[in-house]
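Text of the file model.pdb, holding PDB, C-alpha atoms:
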```pdb
ATOM      1  CA  MET L   1      -9.449   8.925   2.548
ATOM      2  CA  LYS L   2      -6.628  11.461   2.584
ATOM      3  CA  VAL L   3      -6.439  14.325   0.119
ATOM      4  CA  VAL L   4      -3.421  14.258  -2.197
ATOM      5  CA  THR L   5      -2.318  17.545  -3.713
ATOM      6  CA  ILE L   6       0.189  18.383  -6.413
ATOM      7  CA  GLU L   7       2.383  19.845  -3.681
ATOM      8  CA  ASN L   8       2.452  16.423  -1.989
ATOM      9  CA  ILE L   9       3.907  14.718  -5.063
ATOM     10  CA  VAL L  10       6.307  17.608  -5.782
ATOM     11  CA  LYS L  11       7.783  17.249  -2.286
ATOM     12  CA  ARG L  12       7.669  13.444  -2.274
ATOM     13  CA  PHE L  13       9.543  13.044  -5.582
ATOM     14  CA  LYS L  14      11.518  16.331  -5.536
ATOM     15  CA  MET L  15      10.091  17.491  -8.858
ATOM     16  CA  GLU L  16      10.929  20.713 -10.634
ATOM     17  CA  VAL L  17       7.940  23.046 -11.069
ATOM     18  CA  LEU L  18       8.036  24.662 -14.528
ATOM     19  CA  VAL L  19       4.568  26.215 -14.473
ATOM     20  CA  GLY L  20       1.929  26.716 -11.806
ATOM     21  CA  HIS L  21       3.814  27.483  -8.608
ATOM     22  CA  HIS L  22       0.607  28.952  -7.195
ATOM     23  CA  GLU L  23      -1.569  26.018  -8.313
ATOM     24  CA  LEU L  24       0.060  23.255  -6.258
ATOM     25  CA  HIS L  25      -3.032  23.080  -4.032
ATOM     26  CA  ARG L  26      -4.913  21.281  -6.829
ATOM     27  CA  GLN L  27      -6.098  17.859  -5.722
ATOM     28  CA  LEU L  28      -5.731  14.470  -7.396
ATOM     29  CA  LYS L  29      -8.987  12.561  -7.854
ATOM     30  CA  LYS L  30      -7.776   9.527  -9.814
ATOM     31  CA  THR L  31      -5.085   7.096  -8.679
ATOM     32  CA  LYS L  32      -3.734   6.091 -12.086
ATOM     33  CA  VAL L  33      -1.549   8.240 -14.319
ATOM     34  CA  ARG L  34      -2.007   8.321 -18.086
ATOM     35  CA  ARG L  35       0.221   8.738 -21.109
ATOM     36  CA  PRO L  36      -1.476  10.742 -23.874
ATOM     37  CA  GLY L  37      -2.633   8.701 -26.844
ATOM     38  CA  LEU L  38      -6.017   9.673 -28.162
ATOM     39  CA  GLU L  39      -5.529  12.988 -26.408
ATOM     40  CA  PHE L  40      -3.040  13.892 -29.120
ATOM     41  CA  MET L  41      -5.704  13.401 -31.763
ATOM     42  CA  ASP L  42      -8.780  15.499 -32.446
ATOM     43  CA  LYS L  43     -11.334  16.037 -29.705
ATOM     44  CA  PHE L  44     -12.876  12.872 -28.210
ATOM     45  CA  ASP L  45     -15.686  13.212 -25.678
ATOM     46  CA  PHE L  46     -15.033   9.813 -24.084
ATOM     47  CA  ILE L  47     -11.441  10.351 -23.048
ATOM     48  CA  ALA L  48     -10.878   9.792 -19.303
ATOM     49  CA  THR L  49     -10.400  13.008 -17.378
ATOM     50  CA  GLU L  50      -8.838  14.007 -14.046
ATOM     51  CA  HIS L  51      -5.751  11.827 -14.490
ATOM     52  CA  VAL L  52      -2.160  13.036 -14.154
ATOM     53  CA  GLN L  53      -0.744  13.159 -17.686
ATOM     54  CA  ILE L  54       2.847  12.040 -18.257
ATOM     55  CA  LEU L  55       4.895  13.085 -21.273
ATOM     56  CA  GLY L  56       7.734  10.656 -21.898
ATOM     57  CA  LYS L  57      10.342  10.485 -24.645
ATOM     58  CA  ASN L  58       7.919   8.984 -27.172
ATOM     59  CA  GLU L  59       5.358  11.728 -26.607
ATOM     60  CA  ILE L  60       7.906  14.570 -26.632
ATOM     61  CA  ASN L  61       9.667  13.226 -29.723
ATOM     62  CA  TYR L  62       6.309  12.956 -31.504
ATOM     63  CA  LEU L  63       5.432  16.559 -30.675
ATOM     64  CA  HIS L  64       8.820  17.728 -31.952
ATOM     65  CA  THR L  65       8.056  16.192 -35.378
ATOM     66  CA  LEU L  66       4.979  18.412 -35.784
ATOM     67  CA  THR L  67       4.728  21.931 -37.107
ATOM     68  CA  ASP L  68       4.334  24.684 -34.532
ATOM     69  CA  GLU L  69       0.598  24.942 -35.141
ATOM     70  CA  GLU L  70       0.061  21.155 -35.029
ATOM     71  CA  CYS L  71       2.079  20.900 -31.816
ATOM     72  CA  LYS L  72      -0.031  23.587 -30.146
ATOM     73  CA  LEU L  73      -3.214  21.845 -31.306
ATOM     74  CA  ARG L  74      -2.146  18.484 -29.802
ATOM     75  CA  ILE L  75      -1.191  20.126 -26.532
ATOM     76  CA  ALA L  76      -4.519  21.946 -26.449
ATOM     77  CA  ASN L  77      -6.233  18.556 -26.746
ATOM     78  CA  ILE L  78      -4.555  17.496 -23.485
ATOM     79  CA  VAL L  79      -5.135  20.730 -21.610
ATOM     80  CA  GLN L  80      -8.857  20.895 -22.415
ATOM     81  CA  TYR L  81      -9.474  17.836 -20.219
ATOM     82  CA  ASP L  82      -8.100  19.754 -17.217
ATOM     83  CA  PRO L  83      -5.570  17.240 -15.811
ATOM     84  CA  PRO L  84      -4.465  18.036 -12.245
ATOM     85  CA  CYS L  85      -0.913  18.361 -13.580
ATOM     86  CA  ILE L  86       1.364  17.380 -16.451
ATOM     87  CA  VAL L  87       4.664  15.620 -15.753
ATOM     88  CA  ILE L  88       7.622  15.669 -18.152
ATOM     89  CA  THR L  89      10.051  12.804 -17.562
ATOM     90  CA  SER L  90      13.776  12.292 -18.229
ATOM     91  CA  ASN L  91      14.447  16.048 -17.814
ATOM     92  CA  GLN L  92      13.280  16.672 -21.377
ATOM     93  CA  GLU L  93      12.708  20.081 -22.883
ATOM     94  CA  GLU L  94       9.092  21.143 -22.738
ATOM     95  CA  PRO L  95       7.250  21.122 -26.107
ATOM     96  CA  LEU L  96       6.204  24.339 -27.826
ATOM     97  CA  GLY L  97       3.027  25.859 -26.449
ATOM     98  CA  LEU L  98       2.818  23.738 -23.297
ATOM     99  CA  ARG L  99       3.898  26.495 -20.899
ATOM    100  CA  GLN L 100       1.520  29.064 -22.425
ATOM    101  CA  TYR L 101      -1.555  26.819 -22.441
ATOM    102  CA  CYS L 102      -0.970  25.531 -18.920
ATOM    103  CA  MET L 103      -0.436  29.031 -17.537
ATOM    104  CA  GLU L 104      -3.736  30.129 -19.074
ATOM    105  CA  GLU L 105      -5.590  27.101 -17.671
ATOM    106  CA  HIS L 106      -3.784  27.117 -14.281
ATOM    107  CA  ILE L 107      -2.371  23.602 -14.741
ATOM    108  CA  PRO L 108       0.992  22.870 -13.074
ATOM    109  CA  VAL L 109       3.760  21.458 -15.259
ATOM    110  CA  LEU L 110       6.368  19.375 -13.433
ATOM    111  CA  ARG L 111       9.658  17.844 -14.546
ATOM    112  CA  THR L 112      11.615  14.887 -13.199
ATOM    113  CA  PRO L 113      14.879  13.126 -14.132
ATOM    114  CA  ASP L 114      13.161   9.746 -13.697
ATOM    115  CA  SER L 115      12.159   7.727 -16.749
ATOM    116  CA  THR L 116       8.501   7.417 -17.734
ATOM    117  CA  SER L 117       8.153   3.843 -16.462
ATOM    118  CA  GLU L 118       9.862   4.693 -13.147
ATOM    119  CA  MET L 119       7.782   7.803 -12.545
ATOM    120  CA  SER L 120       4.521   6.110 -13.526
ATOM    121  CA  ALA L 121       5.130   3.229 -11.120
ATOM    122  CA  LYS L 122       6.173   5.539  -8.274
ATOM    123  CA  LEU L 123       3.215   7.877  -8.732
ATOM    124  CA  ASP L 124       0.674   5.061  -9.031
ATOM    125  CA  ALA L 125       1.952   3.367  -5.866
ATOM    126  CA  PHE L 126       2.169   6.589  -3.856
ATOM    127  CA  VAL L 127      -1.238   7.964  -4.823
ATOM    128  CA  THR L 128      -2.956   4.580  -4.426
ATOM    129  CA  LYS L 129      -1.664   4.266  -0.861
ATOM    130  CA  GLU L 130      -2.432   7.857   0.062
ATOM    131  CA  MET L 131      -5.978   7.776  -1.333
ATOM    132  CA  ALA L 132      -6.851   4.278  -0.125
ATOM    133  CA  PRO L 133      -9.814   3.883   2.271
ATOM    134  CA  GLU L 134      -8.492   3.331   5.776
ATOM    135  CA  ILE L 135      -9.569   2.468   9.294
ATOM    136  CA  ALA L 136      -7.753   2.355  12.629
ATOM    137  CA  VAL L 137      -7.981  -0.768  14.808
ATOM    138  CA  HIS L 138      -6.708  -1.550  18.276
ATOM    139  CA  GLY L 139      -3.923  -4.101  18.106
ATOM    140  CA  VAL L 140      -0.320  -4.687  17.123
ATOM    141  CA  CYS L 141       1.051  -5.202  13.632
ATOM    142  CA  VAL L 142       4.266  -7.175  13.074
ATOM    143  CA  ASN L 143       6.132  -8.608  10.137
ATOM    144  CA  VAL L 144       7.188 -12.206  10.801
ATOM    145  CA  SER L 145       9.561 -13.675   8.220
ATOM    146  CA  GLY L 146       8.156 -11.332   5.575
ATOM    147  CA  ILE L 147       4.516 -12.023   6.484
ATOM    148  CA  GLY L 148       2.342  -9.237   7.860
ATOM    149  CA  ILE L 149       0.345 -10.215  10.942
ATOM    150  CA  LEU L 150      -2.307  -8.276  12.849
ATOM    151  CA  LEU L 151      -2.373  -9.243  16.532
ATOM    152  CA  ARG L 152      -5.596  -8.507  18.374
ATOM    153  CA  GLY L 153      -6.993  -9.178  21.816
ATOM    154  CA  LYS L 154      -8.293  -7.530  24.955
ATOM    155  CA  SER L 155      -6.226  -4.816  26.605
ATOM    156  CA  GLY L 156      -3.526  -6.372  28.787
ATOM    157  CA  VAL L 157      -3.660  -9.794  27.120
ATOM    158  CA  GLY L 158      -0.002  -9.523  26.067
ATOM    159  CA  LYS L 159       0.022  -8.291  22.456
ATOM    160  CA  SER L 160       2.874  -5.819  22.911
ATOM    161  CA  GLU L 161       4.913  -8.253  25.018
ATOM    162  CA  THR L 162       4.514 -10.871  22.285
ATOM    163  CA  ALA L 163       5.634  -8.335  19.678
ATOM    164  CA  HIS L 164       8.701  -7.569  21.807
ATOM    165  CA  THR L 165       9.607 -11.262  21.929
ATOM    166  CA  LEU L 166       9.205 -11.494  18.145
ATOM    167  CA  ILE L 167      11.507  -8.483  17.681
ATOM    168  CA  GLY L 168      14.083 -10.276  19.808
ATOM    169  CA  ARG L 169      13.863 -13.212  17.389
ATOM    170  CA  GLY L 170      14.663 -11.005  14.396
ATOM    171  CA  HIS L 171      11.179  -9.986  13.264
ATOM    172  CA  ARG L 172       9.873  -6.443  12.815
ATOM    173  CA  LEU L 173       7.380  -4.093  14.423
ATOM    174  CA  ILE L 174       4.969  -2.175  12.181
ATOM    175  CA  ALA L 175       2.675  -0.510  14.732
ATOM    176  CA  ASP L 176       1.712  -0.845  18.378
ATOM    177  CA  ASP L 177      -1.650  -0.043  19.971
ATOM    178  CA  ILE L 178      -3.169   1.713  16.929
ATOM    179  CA  VAL L 179      -2.829  -0.028  13.561
ATOM    180  CA  VAL L 180      -3.901   1.816  10.418
ATOM    181  CA  LEU L 181      -5.365  -0.541   7.787
ATOM    182  CA  LYS L 182      -5.486   0.649   4.180
ATOM    183  CA  LYS L 183      -7.515  -1.089   1.490
ATOM    184  CA  LEU L 184      -5.374  -1.092  -1.649
ATOM    185  CA  SER L 185      -7.576  -3.528  -3.583
ATOM    186  CA  PRO L 186     -10.449  -5.980  -2.938
ATOM    187  CA  GLN L 187      -7.798  -8.546  -1.905
ATOM    188  CA  THR L 188      -5.081  -6.360  -0.390
ATOM    189  CA  LEU L 189      -4.960  -4.824   3.065
ATOM    190  CA  LEU L 190      -1.922  -2.814   4.138
ATOM    191  CA  GLY L 191      -1.004  -2.345   7.790
ATOM    192  CA  THR L 192       0.965   0.694   8.945
ATOM    193  CA  HIS L 193       1.367   3.146  11.833
ATOM    194  CA  ASP L 194      -0.346   6.505  12.386
ATOM    195  CA  GLU L 195       2.950   8.465  12.462
ATOM    196  CA  LYS L 196       2.501   9.273  16.168
ATOM    197  CA  ASN L 197       3.286   5.691  17.259
ATOM    198  CA  LYS L 198       5.989   5.103  14.649
ATOM    199  CA  GLU L 199       8.832   2.966  16.095
ATOM    200  CA  PHE L 200       7.289   2.965  19.594
ATOM    201  CA  LEU L 201       6.311  -0.093  21.627
ATOM    202  CA  ALA L 202       4.577   0.213  25.009
ATOM    203  CA  LEU L 203       5.262  -2.494  27.590
ATOM    204  CA  ARG L 204       3.469  -2.717  30.903
ATOM    205  CA  SER L 205       5.794  -2.214  33.900
ATOM    206  CA  ILE L 206       8.593  -1.062  31.563
ATOM    207  CA  GLY L 207       7.126   1.901  29.703
ATOM    208  CA  LEU L 208       7.567   3.246  26.183
ATOM    209  CA  LEU L 209      10.391   1.860  24.039
ATOM    210  CA  ASN L 210      11.815   3.115  20.769
ATOM    211  CA  VAL L 211      12.644  -0.189  19.071
ATOM    212  CA  VAL L 212      14.911   1.426  16.476
ATOM    213  CA  ARG L 213      17.058   3.125  19.127
ATOM    214  CA  LEU L 214      17.186  -0.075  21.202
ATOM    215  CA  TYR L 215      17.531  -2.771  18.549
ATOM    216  CA  GLY L 216      18.469  -1.025  15.299
ATOM    217  CA  ARG L 217      16.713  -0.298  12.010
ATOM    218  CA  ALA L 218      16.036  -3.971  11.369
ATOM    219  CA  ALA L 219      13.530  -3.997  14.263
ATOM    220  CA  PHE L 220      11.065  -1.719  12.466
ATOM    221  CA  GLN L 221       9.210  -1.663   9.146
ATOM    222  CA  GLU L 222       6.997   1.127   7.791
ATOM    223  CA  GLU L 223       4.213  -1.071   6.435
ATOM    224  CA  SER L 224       3.294  -4.611   5.500
ATOM    225  CA  ARG L 225       0.558  -6.401   3.624
ATOM    226  CA  ILE L 226      -1.683  -8.136   6.165
ATOM    227  CA  ALA L 227      -1.716 -11.895   5.580
ATOM    228  CA  LEU L 228      -2.970 -13.187   8.943
ATOM    229  CA  ASP L 229      -5.309 -11.979  11.661
ATOM    230  CA  ILE L 230      -4.371 -13.586  14.998
ATOM    231  CA  GLU L 231      -6.496 -13.101  18.098
ATOM    232  CA  LEU L 232      -4.907 -13.725  21.491
ATOM    233  CA  THR L 233      -7.497 -14.934  24.015
ATOM    234  CA  GLU L 234      -7.579 -16.293  27.543
ATOM    235  CA  TRP L 235      -7.314 -20.064  27.995
ATOM    236  CA  GLN L 236     -10.619 -21.956  28.131
ATOM    237  CA  ASP L 237     -10.443 -25.357  29.843
ATOM    238  CA  ASN L 238     -13.497 -26.735  28.080
ATOM    239  CA  ALA L 239     -12.497 -25.597  24.590
ATOM    240  CA  LEU L 240     -11.287 -28.013  21.918
ATOM    241  CA  ASN L 241      -7.707 -26.819  21.531
ATOM    242  CA  ASN L 242      -6.363 -29.444  19.144
ATOM    243  CA  GLU L 243      -9.035 -29.348  16.449
ATOM    244  CA  LEU L 244      -8.062 -29.931  12.808
ATOM    245  CA  GLU L 245      -9.661 -27.150  10.792
ATOM    246  CA  LEU L 246     -10.115 -28.015   7.129
ATOM    247  CA  ASP L 247     -11.927 -24.745   6.402
ATOM    248  CA  THR L 248     -10.039 -21.496   6.920
ATOM    249  CA  LYS L 249     -11.750 -18.915   9.098
ATOM    250  CA  PHE L 250     -11.685 -15.266   8.065
ATOM    251  CA  LYS L 251     -11.905 -11.830   9.645
ATOM    252  CA  THR L 252     -13.141  -9.079   7.334
ATOM    253  CA  TYR L 253     -11.889  -5.501   7.274
ATOM    254  CA  MET L 254     -13.442  -3.086   4.764
ATOM    255  CA  ASP L 255     -14.755  -6.122   2.837
ATOM    256  CA  VAL L 256     -11.249  -7.640   2.583
ATOM    257  CA  PRO L 257     -11.208 -11.186   4.057
ATOM    258  CA  ILE L 258      -8.084 -12.038   6.069
ATOM    259  CA  PRO L 259      -7.332 -15.602   7.307
ATOM    260  CA  HIS L 260      -8.029 -15.703  11.029
ATOM    261  CA  ILE L 261      -6.766 -17.948  13.816
ATOM    262  CA  GLN L 262      -7.139 -17.828  17.579
ATOM    263  CA  ILE L 263      -4.352 -18.548  20.034
ATOM    264  CA  GLN L 264      -5.344 -19.227  23.634
ATOM    265  CA  LEU L 265      -2.907 -18.051  26.264
ATOM    266  CA  GLN L 266      -1.647 -20.043  29.204
ATOM    267  CA  PRO L 267       1.440 -19.623  31.436
ATOM    268  CA  GLY L 268       4.411 -21.315  29.805
ATOM    269  CA  ARG L 269       3.074 -21.273  26.247
ATOM    270  CA  ASP L 270       5.545 -20.016  23.664
ATOM    271  CA  VAL L 271       3.120 -17.600  22.006
ATOM    272  CA  ALA L 272       5.794 -16.010  19.817
ATOM    273  CA  GLY L 273       6.818 -19.470  18.620
ATOM    274  CA  LEU L 274       3.199 -20.307  17.804
ATOM    275  CA  ILE L 275       2.903 -17.108  15.774
ATOM    276  CA  GLU L 276       6.070 -18.012  13.859
ATOM    277  CA  ALA L 277       4.585 -21.458  13.190
ATOM    278  CA  ALA L 278       1.328 -19.875  11.994
ATOM    279  CA  ALA L 279       3.219 -17.573   9.632
ATOM    280  CA  ASN L 280       5.303 -20.414   8.194
ATOM    281  CA  ASN L 281       2.231 -22.606   7.849
ATOM    282  CA  TRP L 282       0.403 -19.816   5.985
ATOM    283  CA  TYR L 283       3.371 -19.530   3.624
ATOM    284  CA  LEU L 284       3.288 -23.272   2.900
ATOM    285  CA  LYS L 285      -0.422 -23.024   2.105
ATOM    286  CA  GLN L 286       0.344 -20.304  -0.432
ATOM    287  CA  GLN L 287       2.738 -22.769  -2.054
ATOM    288  CA  GLY L 288      -0.064 -25.340  -2.297
ATOM    289  CA  TYR L 289       0.802 -27.530   0.693
ATOM    290  CA  SER L 290      -1.597 -28.322   3.552
ATOM    291  CA  ALA L 291      -0.490 -30.481   6.480
ATOM    292  CA  VAL L 292      -4.136 -31.233   7.341
ATOM    293  CA  GLU L 293      -4.916 -32.452   3.828
ATOM    294  CA  GLU L 294      -1.824 -34.669   3.815
ATOM    295  CA  PHE L 295      -2.766 -36.084   7.211
ATOM    296  CA  MET L 296      -6.319 -36.831   6.052
ATOM    297  CA  LYS L 297      -4.971 -38.620   2.982
ATOM    298  CA  ARG L 298      -2.875 -40.847   5.225
ATOM    299  CA  LEU L 299      -6.021 -41.790   7.139
ATOM    300  CA  GLU L 300      -8.017 -42.685   4.013
ATOM    301  CA  PRO L 301      -6.796 -46.339   3.845
ATOM    302  CA  GLU L 302      -8.019 -46.877   7.436
ATOM    303  CA  PHE L 303     -11.440 -45.439   6.654
ATOM    304  CA  ASN L 304     -11.785 -47.612   3.550
ATOM    305  CA  GLU L 305     -11.057 -50.896   5.363
TER
END
```
Spell out the structure here as structure tokens.
Amino acid sequence: MKVVTIENIVKRFKMEVLVGHHELHRQLKKTKVRRPGLEFMDKFDFIATEHVQILGKNEINYLHTLTDEECKLRIANIVQYDPPCIVITSNQEEPLGLRQYCMEEHIPVLRTPDSTSEMSAKLDAFVTKEMAPEIAVHGVCVNVSGIGILLRGKSGVGKSETAHTLIGRGHRLIADDIVVLKKLSPQTLLGTHDEKNKEFLALRSIGLLNVVRLYGRAAFQEESRIALDIELTEWQDNALNNELELDTKFKTYMDVPIPHIQIQLQPGRDVAGLIEAAANNWYLKQQGYSAVEEFMKRLEPEFNE
């Protein structure tokens, strides 16, 4: 898991630093931001700590209705829980006492022109991704018609060549060779690159290609939620290649199950077309339709005779 500092979010969202220029090395430990509620009241021992605190228009307007002493008391209630930083949204004026208390406690105070809802959503998404558990796997990640697919297989089986064909059909490359998988939730796996291989695709006999320079921005995507795990394998003559699978197979990464299928390779097979079919079929299943179930229903009258 990567370390996220206050400096990271200041640079990422171009925030103004009001207090704590020398405290930007402080680290975030919680992924969710909070808006003060109980923190504005008297001391509560059970209030969650270590969250970024956001002061929006409602909070600032409330503080401005208080006397100077009451305002300082409410702010002290926030500061005592040692948040990694305090963010003021909508370019509002800082409340009385905030600068003094935060300087004494070495807590950075940041300001942004974004609204509270916008900043909260951006911060939550950014910190969740940055702090998510991650692993690196050997393979290729592509986005086919909006569906993230992880292609795996032995070295030289044709993963990168297949990705190149898919790019030629209007789909997008996420990562080649090394795919970084991030666990955003128990059900969500995000595929991305490792920065070093960003936009690059390696093809045997051709060499390294920059897909953006060759085919334009539409050929590349930074990240994609992984919906399918497809393994490319060598053709096996004795294998049952036209089986009807009623039960979905899964491949698990960091305890996140991903639907898994295997595509056997043979000269002349349109592998890219099969991957497109798999992606479209997965989408139909998400809409509640299964071709196998419909086919089995059509056979029921024959079985009942």
Assuming the chain letters and numbering stay as they are in my file, what does the PyMOL selection byres ((chain L and resi 58) around 12) actually select? List them as an MDAnalysis selection string. chainID L and resid 35:37 54:57 59:65 88:90 92 115:117
Could the residues in this selection be written to a file with C-alpha atoms, as a short mmCIF file (atom, residue, chain, number, x, y, z; two decimals), in the coordinates of the input?
```cif
data_model
loop_
_atom_site.label_atom_id
_atom_site.label_comp_id
_atom_site.auth_asym_id
_atom_site.auth_seq_id
_atom_site.Cartn_x
_atom_site.Cartn_y
_atom_site.Cartn_z
CA ARG L 35 0.22 8.74 -21.11
CA PRO L 36 -1.48 10.74 -23.87
CA GLY L 37 -2.63 8.70 -26.84
CA ILE L 54 2.85 12.04 -18.26
CA LEU L 55 4.89 13.08 -21.27
CA GLY L 56 7.73 10.66 -21.90
CA LYS L 57 10.34 10.48 -24.64
CA GLU L 59 5.36 11.73 -26.61
CA ILE L 60 7.91 14.57 -26.63
CA ASN L 61 9.67 13.23 -29.72
CA TYR L 62 6.31 12.96 -31.50
CA LEU L 63 5.43 16.56 -30.68
CA HIS L 64 8.82 17.73 -31.95
CA THR L 65 8.06 16.19 -35.38
CA ILE L 88 7.62 15.67 -18.15
CA THR L 89 10.05 12.80 -17.56
CA SER L 90 13.78 12.29 -18.23
CA GLN L 92 13.28 16.67 -21.38
CA SER L 115 12.16 7.73 -16.75
CA THR L 116 8.50 7.42 -17.73
CA SER L 117 8.15 3.84 -16.46
#
```
Pull out every residue that the PyMOL selection byres ((chain L and resi 227) around 9) matches in the shown coordinates and put them as an NGL selection string. :L and (147-150 or 188-189 or 224-226 or 228-229 or 258-259 or 279 or 282)
Expected selection from the PyMOL selection byres ((chain L and resi 179) around 8), given as a ChimeraX atom specification: /L:136-141,175-178,180-181,191-194
Compile the contact shell of Asp82 of chain L as a list in words: residues with an atom at most 9 Å away, counting only C-alpha atoms, same-chain residues fewer than 3 positions apart removed. Thr49, Glu50, His51, Ile78, Val79, Cys85, Glu105 and Ile107 of chain L
Residues within 12 Å of (-16.2, -3.9, 4.6), counting all atoms listed in the file, listed as a list in words: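 Those residues, ordered by chain and then number, are Pro133, Glu134, Ile135, Leu181, Lys182, Lys183, Ser185, Pro186, Gln187, Leu189, Lys251, Thr252, Tyr253, Met254, Asp255, Val256, Pro257 and Ile258 of chain L.
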For the selection just defined, write its residues with C-alpha atoms to a file, as an mmCIF file, in the frame of the given file.
```
data_model
loop_
_atom_site.group_PDB
_atom_site.id
_atom_site.type_symbol
_atom_site.label_atom_id
_atom_site.label_comp_id
_atom_site.auth_asym_id
_atom_site.auth_seq_id
_atom_site.Cartn_x
_atom_site.Cartn_y
_atom_site.Cartn_z
ATOM 1 C CA PRO L 133 -9.814 3.883 2.271
ATOM 2 C CA GLU L 134 -8.492 3.331 5.776
ATOM 3 C CA ILE L 135 -9.569 2.468 9.294
ATOM 4 C CA LEU L 181 -5.365 -0.541 7.787
ATOM 5 C CA LYS L 182 -5.486 0.649 4.180
ATOM 6 C CA LYS L 183 -7.515 -1.089 1.490
ATOM 7 C CA SER L 185 -7.576 -3.528 -3.583
ATOM 8 C CA PRO L 186 -10.449 -5.980 -2.938
ATOM 9 C CA GLN L 187 -7.798 -8.546 -1.905
ATOM 10 C CA LEU L 189 -4.960 -4.824 3.065
ATOM 11 C CA LYS L 251 -11.905 -11.830 9.645
ATOM 12 C CA THR L 252 -13.141 -9.079 7.334
ATOM 13 C CA TYR L 253 -11.889 -5.501 7.274
ATOM 14 C CA MET L 254 -13.442 -3.086 4.764
ATOM 15 C CA ASP L 255 -14.755 -6.122 2.837
ATOM 16 C CA VAL L 256 -11.249 -7.640 2.583
ATOM 17 C CA PRO L 257 -11.208 -11.186 4.057
ATOM 18 C CA ILE L 258 -8.084 -12.038 6.069
#
```
If we draw a sphere of 8 Å around (4.9, 12.1, -5.2), which residues have at least one atom in it when counting only C-alpha atoms? Please report them as a ChimeraX atom specification. /L:6,8-14,122-123,126-127
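Distance-wise, atom CA of Leu184 of chain L and atom CA of Met131 of chain L end up 8.9 Å apart.
From atom CA of Gly20 of chain L back to atom CA of Cys102 of chain L, the distance works out to 7.8 Å.
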Between atom CA of Gln27 of chain L and atom CA of Arg74 of chain L, what is the distance in Å, rounded to a tenth?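 Separating atom CA of Gln27 of chain L from atom CA of Arg74 of chain L is a distance of 24.4 Å.
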Box dimensions and centre (Å, one decimal) enclosing segment 132-146 of chain L, axis-aligned, 4 Å extra per side, as AutoDock Vina command-line options:
```
--center_x -0.1 --center_y -4.7 --center_z 9.1 --size_x 27.4 --size_y 26.0 --size_z 26.4
```
Which of L:Gln53, L:Asp270, L:His171, L:Leu209 sits closest to Val87 of chain L [using all atoms listed in the file]: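 Smallest distance to Val87 of chain L is found for L:Gln53.
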Top pick for closest residue to Glu94 of chain L, considering L:Leu28, L:Ala163, L:Val17, L:Val144 and counting all atoms listed in the file: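 Selected residue with least distance to Glu94 of chain L: L:Val17.
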Kindly indicate which residue among L:Gln262, L:Thr128, L:Glu16, L:Tyr81 lies nearest to Thr112 of chain L, using only C-alpha atoms for the distances. L:Glu16
Counting only C-alpha atoms, the residue of L:Thr165, L:Gln236, L:Thr31, L:Asn280 that sits nearest Ala132 of chain L: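 Nearest candidate to Ala132 of chain L out of L:Thr165, L:Gln236, L:Thr31, L:Asn280: L:Thr31.
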For Val211 of chain L, which of L:Leu110, L:Asp247, L:Gly170, L:Gly97 is the closest residue, counting only C-alpha atoms?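 Checking each of L:Leu110, L:Asp247, L:Gly170, L:Gly97 against Val211 of chain L, counting only C-alpha atoms, the winner is L:Gly170.
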Which residues come within 9 Å of Gln266 of chain L, counting all atoms listed in the file, excluding same-chain residues fewer than 5 positions away, as a PyMOL selection string? chain L and resi 234-235+271
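Candidate residues L:Ala291, L:Val109, L:Ile86, L:Ala272 were compared for distance to His21 of chain L, and the nearest is L:Val109, using only C-alpha atoms.
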